[in-house]
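Source file coords.cif; content: mmCIF, C-alpha atoms and all ligand atoms.
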data_model
loop_
_atom_site.label_atom_id
_atom_site.label_comp_id
_atom_site.auth_asym_id
_atom_site.auth_seq_id
_atom_site.Cartn_x
_atom_site.Cartn_y
_atom_site.Cartn_z
CA MET A 1 -79.50 -3.21 1.34
CA GLU A 2 -82.45 -1.13 2.52
CA ALA A 3 -82.72 2.25 0.86
CA SER A 4 -82.77 4.00 4.23
CA GLN A 5 -79.53 2.41 5.48
CA GLU A 6 -76.92 5.02 6.36
CA ILE A 7 -73.43 4.44 5.02
CA SER A 8 -70.65 5.83 7.18
CA SER A 9 -67.95 7.80 5.37
CA LEU A 10 -65.59 7.21 8.29
CA PRO A 11 -64.28 3.80 9.32
CA SER A 12 -65.13 2.43 12.76
CA PRO A 13 -62.91 4.17 15.36
CA GLN A 14 -62.26 0.78 17.00
CA VAL A 15 -60.79 -0.55 13.76
CA SER A 16 -58.58 2.46 13.08
CA GLN A 17 -57.39 2.59 16.71
CA LEU A 18 -56.50 -1.11 16.75
CA PHE A 19 -54.51 -0.96 13.52
CA ASP A 20 -52.88 2.36 14.45
CA GLN A 21 -51.58 0.54 17.54
CA TRP A 22 -50.33 -2.36 15.42
CA ALA A 23 -48.64 0.08 13.03
CA SER A 24 -46.75 1.58 15.96
CA THR A 25 -45.21 -1.79 16.92
CA ASP A 26 -43.74 -4.81 15.11
CA ARG A 27 -47.26 -6.35 15.16
CA ALA A 28 -48.02 -4.86 11.73
CA GLN A 29 -44.88 -6.32 10.20
CA LYS A 30 -45.63 -9.73 11.73
CA MET A 31 -49.16 -9.55 10.31
CA ALA A 32 -47.86 -8.82 6.82
CA LEU A 33 -45.36 -11.69 7.09
CA GLY A 34 -48.16 -14.03 8.17
CA HIS A 35 -50.16 -13.00 5.08
CA GLN A 36 -47.18 -13.37 2.73
CA PRO A 37 -48.13 -16.87 1.42
CA LEU A 38 -51.62 -15.55 0.60
CA MET A 39 -50.16 -12.48 -1.13
CA GLU A 40 -47.87 -14.68 -3.22
CA ALA A 41 -50.72 -16.98 -4.25
CA LEU A 42 -52.87 -14.00 -5.25
CA LEU A 43 -50.08 -12.36 -7.24
CA ALA A 44 -49.35 -15.63 -9.02
CA GLU A 45 -52.91 -15.43 -10.41
CA ILE A 46 -53.19 -11.74 -11.23
CA ALA A 47 -49.60 -10.84 -12.16
CA GLU A 48 -48.44 -10.05 -15.69
CA PRO A 49 -51.12 -7.38 -16.04
CA SER A 50 -51.66 -5.51 -19.26
CA SER A 51 -49.63 -2.38 -19.89
CA GLY A 52 -50.76 0.54 -17.73
CA ALA A 53 -52.79 -1.65 -15.37
CA VAL A 54 -54.00 -0.02 -12.16
CA LEU A 55 -54.61 -1.93 -8.92
CA LEU A 56 -56.39 -0.89 -5.71
CA ASP A 57 -55.70 -2.79 -2.47
CA MET A 58 -58.42 -2.23 0.16
CA GLY A 59 -57.15 -2.41 3.74
CA CYS A 60 -53.61 -2.12 2.41
CA GLY A 61 -52.09 -2.16 5.91
CA THR A 62 -48.28 -1.93 5.71
CA GLY A 63 -48.33 -1.65 1.90
CA ALA A 64 -46.47 -4.95 1.52
CA PHE A 65 -48.89 -6.19 -1.13
CA LEU A 66 -48.78 -2.87 -3.01
CA ALA A 67 -44.98 -3.05 -3.23
CA GLN A 68 -45.16 -6.62 -4.54
CA ALA A 69 -47.91 -5.78 -7.04
CA LYS A 70 -45.79 -2.95 -8.40
CA ALA A 71 -42.81 -5.31 -8.73
CA SER A 72 -45.11 -7.80 -10.53
CA GLY A 73 -45.94 -5.33 -13.29
CA PHE A 74 -48.83 -3.15 -12.13
CA GLU A 75 -48.02 0.32 -13.42
CA HIS A 76 -50.05 2.22 -10.83
CA THR A 77 -50.98 1.02 -7.38
CA CYS A 78 -53.41 2.58 -4.91
CA GLY A 79 -54.35 1.67 -1.36
CA ILE A 80 -56.90 2.65 1.25
CA ASP A 81 -56.85 1.98 4.97
CA ALA A 82 -58.80 3.13 8.01
CA ALA A 83 -55.68 3.53 10.15
CA PRO A 84 -53.66 6.71 9.47
CA LYS A 85 -50.49 5.19 10.96
CA MET A 86 -50.80 2.16 8.66
CA ILE A 87 -50.97 4.57 5.75
CA GLU A 88 -47.70 6.17 6.93
CA VAL A 89 -46.07 2.71 6.98
CA ALA A 90 -47.50 1.96 3.51
CA GLN A 91 -46.11 5.24 2.15
CA HIS A 92 -42.68 4.12 3.32
CA ASN A 93 -42.96 0.52 2.06
CA ALA A 94 -44.64 1.28 -1.27
CA PRO A 95 -43.17 4.57 -2.47
CA GLY A 96 -45.09 5.99 -5.42
CA ALA A 97 -48.34 4.23 -4.49
CA ASP A 98 -51.38 6.49 -4.08
CA VAL A 99 -52.43 5.56 -0.54
CA LYS A 100 -55.25 7.25 1.35
CA VAL A 101 -56.95 7.07 4.74
CA GLY A 102 -60.62 6.24 4.29
CA ASN A 103 -63.46 3.76 4.46
CA PHE A 104 -64.30 0.89 2.11
CA THR A 105 -67.84 2.25 1.77
CA ASP A 106 -66.69 5.55 0.28
CA LEU A 107 -63.72 4.94 -2.02
CA PRO A 108 -62.08 8.25 -2.97
CA TRP A 109 -61.48 7.39 -6.64
CA PRO A 110 -63.59 8.01 -9.75
CA THR A 111 -65.87 5.41 -11.33
CA SER A 112 -64.07 2.85 -13.60
CA SER A 113 -60.56 3.55 -12.27
CA PHE A 114 -59.10 0.07 -11.65
CA ASP A 115 -58.28 -3.10 -13.57
CA ASN A 116 -57.93 -5.06 -10.32
CA VAL A 117 -59.24 -4.52 -6.81
CA THR A 118 -57.85 -6.75 -4.05
CA THR A 119 -58.52 -6.98 -0.34
CA MET A 120 -56.73 -9.28 2.06
CA GLU A 121 -57.83 -10.03 5.59
CA ALA A 122 -59.76 -6.78 5.82
CA LEU A 123 -63.34 -6.82 4.54
CA TYR A 124 -64.89 -8.53 7.56
CA TYR A 125 -63.88 -5.51 9.66
CA CYS A 126 -66.45 -3.53 7.66
CA LEU A 127 -70.00 -3.88 9.00
CA GLU A 128 -71.50 -2.69 5.69
CA PRO A 129 -69.98 -5.28 3.34
CA LEU A 130 -72.62 -4.88 0.62
CA ALA A 131 -71.99 -1.12 0.47
CA ALA A 132 -68.26 -1.84 0.24
CA LEU A 133 -68.79 -4.36 -2.60
CA GLN A 134 -70.96 -1.87 -4.46
CA GLU A 135 -68.13 0.66 -4.16
CA VAL A 136 -65.68 -1.94 -5.53
CA ARG A 137 -68.00 -2.48 -8.44
CA ARG A 138 -68.20 1.27 -9.08
CA VAL A 139 -64.43 1.81 -9.16
CA LEU A 140 -63.60 -1.28 -11.27
CA LYS A 141 -63.28 -0.85 -15.03
CA PRO A 142 -65.55 -2.95 -17.29
CA GLY A 143 -64.15 -6.49 -17.26
CA GLY A 144 -62.18 -5.73 -14.08
CA ARG A 145 -61.40 -8.38 -11.48
CA PHE A 146 -62.01 -8.37 -7.70
CA ASP A 147 -60.23 -10.72 -5.29
CA LEU A 148 -61.23 -11.00 -1.64
CA ILE A 149 -59.26 -13.15 0.82
CA ILE A 150 -60.31 -13.64 4.44
CA ASP A 151 -59.32 -15.93 7.33
CA TYR A 152 -62.43 -15.04 9.33
CA TYR A 153 -65.61 -16.57 7.88
CA GLN A 154 -68.35 -18.67 9.43
CA ASP A 155 -67.18 -22.02 8.05
CA SER A 156 -63.74 -21.59 9.64
CA THR A 157 -64.15 -23.00 13.15
CA GLY A 158 -60.57 -22.10 14.11
CA THR A 159 -61.20 -18.36 13.88
CA ALA A 160 -64.58 -18.40 15.65
CA SER A 161 -63.20 -16.65 18.77
CA TRP A 162 -61.80 -13.65 16.85
CA PRO A 163 -64.68 -11.22 17.63
CA GLU A 164 -64.17 -12.01 21.33
CA GLY A 165 -60.42 -11.44 20.96
CA LEU A 166 -60.99 -8.16 19.15
CA GLY A 167 -63.67 -6.97 21.56
CA PHE A 168 -65.91 -5.57 18.84
CA GLU A 169 -68.35 -6.84 16.23
CA ILE A 170 -67.12 -7.98 12.81
CA THR A 171 -68.98 -9.29 9.77
CA ASP A 172 -69.73 -12.97 10.22
CA LEU A 173 -70.72 -14.58 6.92
CA SER A 174 -70.30 -18.07 5.47
CA ALA A 175 -68.60 -18.71 2.13
CA ILE A 176 -72.00 -19.09 0.50
CA GLN A 177 -73.25 -15.84 2.02
CA TRP A 178 -70.18 -14.00 0.68
CA VAL A 179 -70.88 -15.45 -2.77
CA GLU A 180 -74.50 -14.30 -2.51
CA LEU A 181 -73.36 -10.83 -1.47
CA LEU A 182 -71.04 -10.56 -4.47
CA ALA A 183 -73.95 -11.61 -6.68
CA GLU A 184 -76.19 -8.99 -5.03
CA ALA A 185 -73.53 -6.38 -5.81
CA ASP A 186 -73.78 -7.51 -9.48
CA PHE A 187 -70.45 -9.27 -9.83
CA GLU A 188 -70.26 -12.01 -12.46
CA ARG A 189 -68.28 -15.28 -12.82
CA ILE A 190 -68.07 -15.50 -9.02
CA SER A 191 -65.90 -18.29 -7.65
CA ASN A 192 -64.75 -19.29 -4.20
CA LYS A 193 -62.04 -21.59 -2.96
CA ARG A 194 -59.92 -22.24 0.11
CA ILE A 195 -56.25 -21.42 0.29
CA LEU A 196 -53.91 -23.12 2.77
CA ARG A 197 -50.69 -21.64 4.10
CA PRO A 198 -48.19 -24.12 2.66
CA GLU A 199 -45.50 -23.50 5.29
CA ASN A 200 -47.85 -24.26 8.18
CA LYS A 201 -47.62 -27.99 8.78
CA GLY A 202 -48.81 -28.05 12.39
CA VAL A 203 -48.48 -26.50 15.84
CA PRO A 204 -44.99 -24.98 16.25
CA ASP A 205 -42.89 -25.92 19.35
CA ASN A 206 -43.11 -22.35 20.70
CA TRP A 207 -46.93 -22.17 20.30
CA LYS A 208 -48.76 -20.39 23.13
CA PRO A 209 -52.51 -19.87 23.63
CA SER A 210 -53.76 -16.39 22.70
CA VAL A 211 -57.03 -14.53 22.27
CA TRP A 212 -56.87 -15.54 18.59
CA PHE A 213 -56.25 -19.24 19.21
CA PRO A 214 -57.19 -20.20 22.77
CA THR A 215 -56.46 -23.91 22.19
CA GLN A 216 -54.18 -25.97 19.97
CA ASN A 217 -57.30 -27.44 18.41
CA SER A 218 -58.47 -23.98 17.35
CA TYR A 219 -55.07 -23.30 15.75
CA LEU A 220 -55.11 -26.66 13.95
CA ALA A 221 -58.67 -26.01 12.72
CA TYR A 222 -57.53 -22.62 11.34
CA LEU A 223 -54.70 -24.32 9.43
CA LYS A 224 -57.01 -27.05 8.17
CA ASP A 225 -59.82 -24.72 7.04
CA GLY A 226 -57.50 -22.19 5.41
CA ALA A 227 -58.48 -18.77 4.13
CA LEU A 228 -61.51 -18.14 1.92
CA TRP A 229 -60.68 -16.66 -1.49
CA LEU A 230 -63.50 -15.17 -3.57
CA THR A 231 -63.18 -13.77 -7.08
CA GLY A 232 -65.70 -11.81 -9.12
CA TYR A 233 -65.63 -9.85 -12.36
CA LEU A 234 -67.45 -6.94 -13.87
CA PRO A 235 -69.06 -7.59 -17.24
CA PRO A 236 -66.95 -6.31 -20.16
CA SER A 237 -69.43 -3.51 -20.76
CA THR A 238 -71.28 -1.76 -17.90
CA SER A 239 -73.56 0.38 -20.05
CA GLY A 240 -76.87 0.84 -18.33
CA THR A 241 -75.63 -0.19 -14.89
CA SER A 242 -75.55 2.03 -11.83
C1 LIG A 301 -55.75 -7.41 9.26
S1 LIG A 301 -55.21 -5.94 8.44
C2 LIG A 301 -54.64 -6.57 6.89
C3 LIG A 301 -53.66 -5.64 6.20
C4 LIG A 301 -53.10 -6.12 4.87
N1 LIG A 301 -54.14 -6.33 3.88
C5 LIG A 301 -52.32 -7.40 5.05
O1 LIG A 301 -52.78 -8.44 4.56
O2 LIG A 301 -51.26 -7.39 5.70
C6 LIG A 301 -56.77 -5.16 8.00
C7 LIG A 301 -56.58 -3.72 7.55
O3 LIG A 301 -57.83 -3.26 7.01
C8 LIG A 301 -58.07 -1.96 7.49
N2 LIG A 301 -59.54 -1.75 7.49
C9 LIG A 301 -60.46 -2.48 8.17
N3 LIG A 301 -61.71 -2.02 7.94
C10 LIG A 301 -61.59 -0.98 7.11
C11 LIG A 301 -62.53 -0.09 6.49
N4 LIG A 301 -63.86 -0.19 6.72
N5 LIG A 301 -62.06 0.87 5.67
C12 LIG A 301 -60.73 0.98 5.44
N6 LIG A 301 -59.78 0.15 5.99
C13 LIG A 301 -60.21 -0.80 6.82
C14 LIG A 301 -57.44 -1.91 8.86
O4 LIG A 301 -57.14 -0.60 9.29
C15 LIG A 301 -56.20 -2.77 8.69
O5 LIG A 301 -55.04 -2.06 8.38
#

Output the structure of this file as structure tokens.
Ligand SMILES: C[S@@+](CC[C@H](N)C(=O)[O-])C[C@H]1O[C@@H](n2cnc3c(N)ncnc32)[C@H](O)[C@@H]1O
Amino acid sequence: MEASQEISSLPSPQVSQLFDQWASTDRAQKMALGHQPLMEALLAEIAEPSSGAVLLDMGCGTGAFLAQAKASGFEHTCGIDAAPKMIEVAQHNAPGADVKVGNFTDLPWPTSSFDNVTTMEALYYCLEPLAALQEVRRVLKPGGRFDLIIDYYQDSTGTASWPEGLGFEITDLSAIQWVELLAEADFERISNKRILRPENKGVPDNWKPSVWFPTQNSYLAYLKDGALWLTGYLPPSTSGTS
């Protein structure tokens, strides 16, 4: 990142308006249900945390993942989202979680707060992904783990029309470019893999074209490519780092 680059402390109004709308309808609930297989796969890897473990979910949406993380043993759960109405839904779904309206590039928690930071289907909405990753690094404890899951990435041909469907720019990086960005933000032991939705075996009978999947081929490509799942860690000791 160039030193002169300005980091916005407020999320893009287009993003917060879109997800405020979704939070006001059953669209948000449908979204969370669609992400459920990904949430389960992630929890299967990070569950059974150590006593007192604290987790932050970035772009927490309805709070579905926060509720499940709490049930899986995380003692404290926190969430951030650009959409105030999503935060209201999350407060209802994940009572006791510390959820705040805000931007990924300006996380309102102190340095070294979290054992785990997760973000599902959210980081590509941020046009300053390196700044967001640097914030993740700041708020993770030494040895902490970061998991990033996204359906929209350059190698996924099925989701290529999503910026057109959304009507605004989103971050368009390949798997390799995301890995490089995590490395630039000083994460270690970076890995990436694909995750398929196990229940999705093909095009359902009631399938209809949409802005997200204009053709059956695009939907099939989305199922075939799967979501991109990146993991990175902080070194056990961060002495001397920014
Ligand atoms: C597609 S939803 C995913 C919600 C949830 N993670 C899930 O899987 O159901 C993306 C969420 O990220 C939030 N978001 C996007 N960009 C953001 C940013 N820069 N700062 C904070 N939240 C953001 C949106 O408001 C939205 O609720």

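Pairwise distance (CA of Lys208 (chain A), CA of Leu196 (chain A)) equals 21.2 Å.
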
Requested in this report: With a distance cut-off of 12 Å and all atoms listed in the file, select the neighbouring residues of Glu45 (chain A), excluding the residue or stretch itself and same-chain residues fewer than 5 positions from it, and output the selection as a ChimeraX atom specification.
Outcome: /A:38-40,69,72,116,118,145-147,229,231

Query raised in the report: Counting all atoms listed in the file, which protein, DNA or RNA residues come within 9 Å of ligand LIG 301 (chain A), given as a PyMOL selection string?
Result: chain A and resi 10-12+15-20+22-23+28-36+38-39+57-65+80-87+101-107+118-129+132+149

Go ahead and save the residues from that selection, with C-alpha atoms, as a CSV table (one decimal), in the frame of the given file.
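Listed below is the output, part-v8.csv:
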chain,number,residue,atom,x,y,z
A,10,LEU,CA,-65.6,7.2,8.3
A,11,PRO,CA,-64.3,3.8,9.3
A,12,SER,CA,-65.1,2.4,12.8
A,15,VAL,CA,-60.8,-0.6,13.8
A,16,SER,CA,-58.6,2.5,13.1
A,17,GLN,CA,-57.4,2.6,16.7
A,18,LEU,CA,-56.5,-1.1,16.8
A,19,PHE,CA,-54.5,-1.0,13.5
A,20,ASP,CA,-52.9,2.4,14.4
A,22,TRP,CA,-50.3,-2.4,15.4
A,23,ALA,CA,-48.6,0.1,13.0
A,28,ALA,CA,-48.0,-4.9,11.7
A,29,GLN,CA,-44.9,-6.3,10.2
A,30,LYS,CA,-45.6,-9.7,11.7
A,31,MET,CA,-49.2,-9.6,10.3
A,32,ALA,CA,-47.9,-8.8,6.8
A,33,LEU,CA,-45.4,-11.7,7.1
A,34,GLY,CA,-48.2,-14.0,8.2
A,35,HIS,CA,-50.2,-13.0,5.1
A,36,GLN,CA,-47.2,-13.4,2.7
A,38,LEU,CA,-51.6,-15.6,0.6
A,39,MET,CA,-50.2,-12.5,-1.1
A,57,ASP,CA,-55.7,-2.8,-2.5
A,58,MET,CA,-58.4,-2.2,0.2
A,59,GLY,CA,-57.2,-2.4,3.7
A,60,CYS,CA,-53.6,-2.1,2.4
A,61,GLY,CA,-52.1,-2.2,5.9
A,62,THR,CA,-48.3,-1.9,5.7
A,63,GLY,CA,-48.3,-1.6,1.9
A,64,ALA,CA,-46.5,-5.0,1.5
A,65,PHE,CA,-48.9,-6.2,-1.1
A,80,ILE,CA,-56.9,2.6,1.2
A,81,ASP,CA,-56.8,2.0,5.0
A,82,ALA,CA,-58.8,3.1,8.0
A,83,ALA,CA,-55.7,3.5,10.2
A,84,PRO,CA,-53.7,6.7,9.5
A,85,LYS,CA,-50.5,5.2,11.0
A,86,MET,CA,-50.8,2.2,8.7
A,87,ILE,CA,-51.0,4.6,5.8
A,101,VAL,CA,-57.0,7.1,4.7
A,102,GLY,CA,-60.6,6.2,4.3
A,103,ASN,CA,-63.5,3.8,4.5
A,104,PHE,CA,-64.3,0.9,2.1
A,105,THR,CA,-67.8,2.2,1.8
A,106,ASP,CA,-66.7,5.6,0.3
A,107,LEU,CA,-63.7,4.9,-2.0
A,118,THR,CA,-57.8,-6.8,-4.0
A,119,THR,CA,-58.5,-7.0,-0.3
A,120,MET,CA,-56.7,-9.3,2.1
A,121,GLU,CA,-57.8,-10.0,5.6
A,122,ALA,CA,-59.8,-6.8,5.8
A,123,LEU,CA,-63.3,-6.8,4.5
A,124,TYR,CA,-64.9,-8.5,7.6
A,125,TYR,CA,-63.9,-5.5,9.7
A,126,CYS,CA,-66.4,-3.5,7.7
A,127,LEU,CA,-70.0,-3.9,9.0
A,128,GLU,CA,-71.5,-2.7,5.7
A,129,PRO,CA,-70.0,-5.3,3.3
A,132,ALA,CA,-68.3,-1.8,0.2
A,149,ILE,CA,-59.3,-13.2,0.8

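Counting from CA of Gly96 (chain A), the distance to CA of Leu43 (chain A) is 19.1 Å.
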
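Closest approach to Val203 (chain A) among A:Ala175, A:Ala221, A:Leu133, A:Ala160: A:Ala221, based on only C-alpha atoms.
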
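Between CA of Gly226 (chain A) and CA of Gly165 (chain A) there is a distance of 19.1 Å.
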
Query raised in the report: Within 9 Å of Leu173 (chain A), counting all atoms listed in the file, which residues qualify if same-chain residues fewer than 3 places away don't, as a count of residues only?
Result: 8

Test item: residues at most 6 Å from Ala227 (chain A), only C-alpha atoms, excluding those fewer than 5 positions along its chain, as a PDB file with C-alpha atoms, in the frame of the given file:
ATOM      1  CA  ILE A 150     -60.310 -13.640   4.440  1.00  0.00           C
ATOM      2  CA  ASP A 151     -59.320 -15.930   7.330  1.00  0.00           C
ATOM      3  CA  ARG A 194     -59.920 -22.240   0.110  1.00  0.00           C
ATOM      4  CA  ILE A 195     -56.250 -21.420   0.290  1.00  0.00           C
TER       5      ILE A 195
END

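Residue nearest Thr77 (chain A), chosen from A:Ser218, A:Val139, A:Ser50, A:Val117 and counting only C-alpha atoms: A:Val117.
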
N, CA and C atoms are what I want for region 225-237 of chain A; can you complete it accordingly and write them as a compact mmCIF listing (two decimals), in the coordinates of the input?
# COMPACT_ATOMS: atom_id res chain seq x y z
N ASP A 225 -58.78 -25.40 7.83
CA ASP A 225 -59.82 -24.72 7.04
C ASP A 225 -59.23 -23.79 6.00
N GLY A 226 -58.13 -23.12 6.34
CA GLY A 226 -57.50 -22.19 5.41
C GLY A 226 -58.31 -20.91 5.25
N ALA A 227 -57.80 -20.04 4.40
CA ALA A 227 -58.48 -18.77 4.13
C ALA A 227 -59.47 -18.96 2.98
N LEU A 228 -60.51 -18.12 3.00
CA LEU A 228 -61.51 -18.14 1.92
C LEU A 228 -61.10 -17.10 0.86
N TRP A 229 -61.11 -17.54 -0.39
CA TRP A 229 -60.68 -16.66 -1.49
C TRP A 229 -61.83 -16.57 -2.49
N LEU A 230 -62.40 -15.38 -2.61
CA LEU A 230 -63.50 -15.17 -3.57
C LEU A 230 -63.01 -14.29 -4.72
N THR A 231 -63.50 -14.59 -5.90
CA THR A 231 -63.18 -13.77 -7.08
C THR A 231 -64.48 -13.43 -7.81
N GLY A 232 -64.56 -12.20 -8.29
CA GLY A 232 -65.70 -11.81 -9.12
C GLY A 232 -65.24 -10.82 -10.17
N TYR A 233 -65.99 -10.74 -11.24
CA TYR A 233 -65.63 -9.85 -12.36
C TYR A 233 -66.79 -8.92 -12.67
N LEU A 234 -66.43 -7.79 -13.26
CA LEU A 234 -67.45 -6.94 -13.87
C LEU A 234 -67.67 -7.40 -15.30
N PRO A 235 -68.87 -7.26 -15.83
CA PRO A 235 -69.06 -7.59 -17.24
C PRO A 235 -68.20 -6.68 -18.10
N PRO A 236 -67.82 -7.12 -19.30
CA PRO A 236 -66.95 -6.31 -20.16
C PRO A 236 -67.52 -4.93 -20.43
N SER A 237 -68.85 -4.83 -20.54
CA SER A 237 -69.43 -3.51 -20.76
C SER A 237 -70.42 -3.24 -19.64
